[in-house]
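Each remark here refers to the structure printed beneath this line.
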Amino acid sequence: MSYKVKLDIFEGPLDLLLYLIKKEELDIYDIPISKITEQYLQYLEFLKLLDLDIAGDFLVMAATLMHIKSKMLLPPDELAQEEEEQDPREELVRRLLEYKKFKEAASSLRDLEQRRMGIFTRTSTPQEFVEASGEEYFEVSLFDLINAFSKALKDVPKELFQEIIKDEFTVEQKIHDFYHMLVEQPVIYLSELFGKAKNKPEVIVIFLAVLELIRLKEITVRQKSMFGDIEIVRNAEKIRPQATDKG
Amino acid sequence: MDDQEIKRILEALVFASERPLLVNEIKDVMAEVDSRKIRDLLEELKTEYQNRDNSFKLVEVAGGFQFCTDPSYSAWLKKLYKARHAERLTGPSMETLAIIAYKQPMTRAEIEALRGVNVDGVIKTLLDRKLIRIMGRREVIGRPIIYGTTSQFLEYFGLNDLSQLPKLEEFSAEALEGLKTGEGNEQSQEPAQEN
């Protein structure tokens with residue numbers, strides 16, 4: 001593969017776990033350990049598949065989850081002392097709750113930031129008006145993108161999976177194609193882009209192209225509802241209508 | 001209240017509102033004045049602004065009244081939007097900043113233990129934006145650097161002092177103690193009940 005996507009993942013294993021808990025509507029006080037371990041490992045597989053830099057912390061957490069899972073599968077120890085056996089999940093749950101506290105605090109700070117920036121303005125053109133008053137959008141995290149990616153992989157016609165990305169579709173080419181698409185249409189659905197893929201390698205290349213465009217700040221992504229369809233929006237400063245060929 | 005006074009109040013209400021104000025909403029606030037009069041006075045106000053040399057006018061839009069800038073100033077406003085939007089902090093930065101704000105002073109290691117991931121890049125960003133600063137070193141082995149928030153941090157969020165930070169949602173310790181010890185958990189594969 002010629003094109004390497006460099007993506008700094010600042011979201012860590014705790015973010016991923018909280019994401020999964022929210023997405024699957026799990027009870028954080030009673031996490032089904034098998035299920036969450038399975039999903040977690042699957043996400044790691046995707047990260048590896050995309051050749052993204054995975055922090056060691058992700059792997060440590062994978063090991064932790066499997067360790068907890070194995071402990072929970074063991075029968076209760078008959079030789080156990082009178083002291084209560086600690087639930088093997090307790091330490092992890094404590095960490096998650098502690099972190100969740102600050103995620104929620106961050107969300108409150110975000111509100112303060114918005115208010116402070118006066119994002120609500122009194123503007124005149126209809127488009128600006130809609131932006132100022134209307135649609136609420138949710139931020140899209142890397143895991144949301146991976147989620148969409150995994151769905152696309154499932155939907156694509158089955159084919160012998162090729163490990164090396166063929167030169168048939170290169171990331172550069174896709175970036176070029178999407179760039180032109182965005183010149184015509186300011187907003188595209190991610191599922192639309194994936195829908196055009198004919199096989200797994202193409203899905204991967206499309207995904208990498210999208211990540212790269214995000215990194216280059218040519219586009220931003222958003223969603224109207226939590227876990228809803230992801231929209232790709234061109235960055236008006238960079239991608240203009242009637243842009244000349246940027247090859 | 002005479003008409004002049006009512007007009008001034010209407011002006012204040014519309015000005016302070018972030019979105020178009022409906023006559024009904026105004027009526028809720030000014031119960032003593034009838035809707036007809038409210039509407040008439042708003043029309044008068046509208047004309048006054050029309051005749052004035054302002055960059056914004058009183059406009060009726062989406063069924064309500066709002067002050068709107070003249071379209072000829074769009075280019076300037078777009079610049080302001082872009083600049084402001086570009087300055088927003090990213091999610092991970094915000095989370096790290098929250099941790100520091102509430103638990104300061106904190107070392108890099110402590111922050112990482114809480115966040116579960118490396119925070120080098122984020123700390124650099126926050127330092128660059130002067131939202132956090134180095135407060136010194138903790139007098140333990142290694143003498144690690146400790147971080148805290150700055151006065152710019154307060155300004156950025158419109159706070160007077162740290163006591164105005166939104167309250168942290170504490171989780172209940174009992175709920176944590178009451179974790180089921182796993183029997184029946186592995187057999188049933190469906191998600192557990194909401195707490």
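Each chain in the structure tokens gets a letter, A, B, ..., in the order shown, and its residues are numbered from 1; ligands are numbered from 1 in order too.
Excluding Phe143 in chain A itself and any same-chain residue fewer than 3 positions from it, the protein and nucleic acid residues within 9 Å of it, counting only C-alpha atoms, are Glu11, Asp15, Leu16, Tyr19, Leu20, Tyr43, Val140, Ile146, Asn147 and Ala148 of chain A.
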I'd like the contact shell of Ser108 in chain A - 12 Å cut-off, only C-alpha atoms, skipping same-chain residues fewer than 6 positions apart - returned as a PyMOL selection string. (chain A and resi 101-102+114-115) or (chain B and resi 91+94-95+98+157+164-169)
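Once range 142-154 of chain B and its same-chain neighbours fewer than 4 positions away are set aside, Ala101, Gln104, Pro105, Met106, Thr107, Leu131, Ile132, Arg133, Ile134, Met135, Gly136, Arg137, Arg138, Gly158 and Leu159 of chain B remain within 6 Å of it when counting only C-alpha atoms.
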So which residues touch Met61 in chain A within 10 Å, counting only C-alpha atoms, skipping near sequence neighbours fewer than 6 positions away, as a VMD selection string? (chain A and resid 12 to 14 17 37 40 to 41 67 92) or (chain B and resid 116)
Written file, previous selection with C-alpha atoms, as a short mmCIF file (atom, residue, chain, number, x, y, z; two decimals), in the first residue's frame:
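Result file selection13.cif:
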```cif
data_model
loop_
_atom_site.label_atom_id
_atom_site.label_comp_id
_atom_site.auth_asym_id
_atom_site.auth_seq_id
_atom_site.Cartn_x
_atom_site.Cartn_y
_atom_site.Cartn_z
CA GLY A 12 -8.49 5.87 24.19
CA PRO A 13 -9.81 2.52 25.38
CA LEU A 14 -12.02 4.12 28.01
CA LEU A 17 -15.77 1.27 26.16
CA THR A 37 -15.08 -7.84 25.16
CA TYR A 40 -14.10 -4.20 21.82
CA LEU A 41 -11.81 -6.72 20.16
CA HIS A 67 -8.75 -11.30 32.25
CA LEU A 92 -12.89 -1.27 35.57
CA GLY B 116 -6.68 5.96 29.73
#
```
Apply DSSP to the backbone of this structure and, from range 77-141 of chain B, keep only the residues in strand (DSSP E or B); write these as an NGL selection string. :B and (106-107 or 132-137)
If you run DSSP over the backbone, which residues in chain B end up helix (DSSP H, G or I)? Put them as JSON, numbers by chain. {"B": [3, 4, 5, 6, 7, 8, 9, 10, 11, 12, 13, 14, 15, 16, 23, 24, 25, 26, 27, 28, 29, 35, 36, 37, 38, 39, 40, 41, 42, 43, 44, 45, 46, 47, 48, 49, 50, 51, 71, 72, 73, 74, 75, 76, 77, 78, 79, 80, 81, 82, 83, 84, 85, 86, 87, 91, 92, 93, 94, 95, 96, 97, 98, 99, 100, 101, 102, 103, 108, 109, 110, 111, 112, 113, 114, 115, 120, 121, 122, 123, 124, 125, 126, 127, 128, 151, 152, 153, 154, 155, 156, 157, 162, 163, 164, 173, 174, 175, 176, 177]}
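Rounded to one decimal, CA of Glu231 in chain A and CA of Tyr189 in chain A lie 4.5 Å from each other.
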Pick out the residues sitting within 8 Å of Lys7 in chain B, and hand them over as a PyMOL selection string; count only C-alpha atoms, and ignore anything fewer than 5 positions along from it in its own chain. chain B and resi 41-42+45
Just write the chosen residues, C-alpha atoms, as a compact mmCIF listing (two decimals), in the first residue's frame.
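What follows is the written file out.txt:
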```
# COMPACT_ATOMS: atom_id res chain seq x y z
CA LEU B 41 -45.67 49.04 17.63
CA LEU B 42 -43.34 46.44 16.20
CA LEU B 45 -40.14 50.04 15.22
```
Quick one: residues within 10 Å of Arg39 in chain B, only C-alpha atoms counted, chain neighbours fewer than 5 positions away excluded, as a PyMOL selection string? chain B and resi 10+22-23+26+34+44-45+65
Could you write out the selected residues, including C-alpha atoms, as a CSV table (one decimal), in the first residue's frame?
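Saved file result06.csv follows:
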```csv
chain,number,residue,atom,x,y,z
B,10,LEU,CA,-40.2,45.5,22.7
B,22,LEU,CA,-43.2,35.5,18.2
B,23,VAL,CA,-45.9,38.0,19.1
B,26,ILE,CA,-44.0,38.7,23.6
B,34,ASP,CA,-52.9,43.5,23.6
B,44,GLU,CA,-43.4,51.2,13.9
B,45,LEU,CA,-40.1,50.0,15.2
B,65,PHE,CA,-39.4,39.3,14.8
```
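When only C-alpha atoms are used to compute distances to chain A, the closest of the residues B:Arg108, B:Lys78, B:Arg8, B:Lys124 turns out to be B:Lys78.
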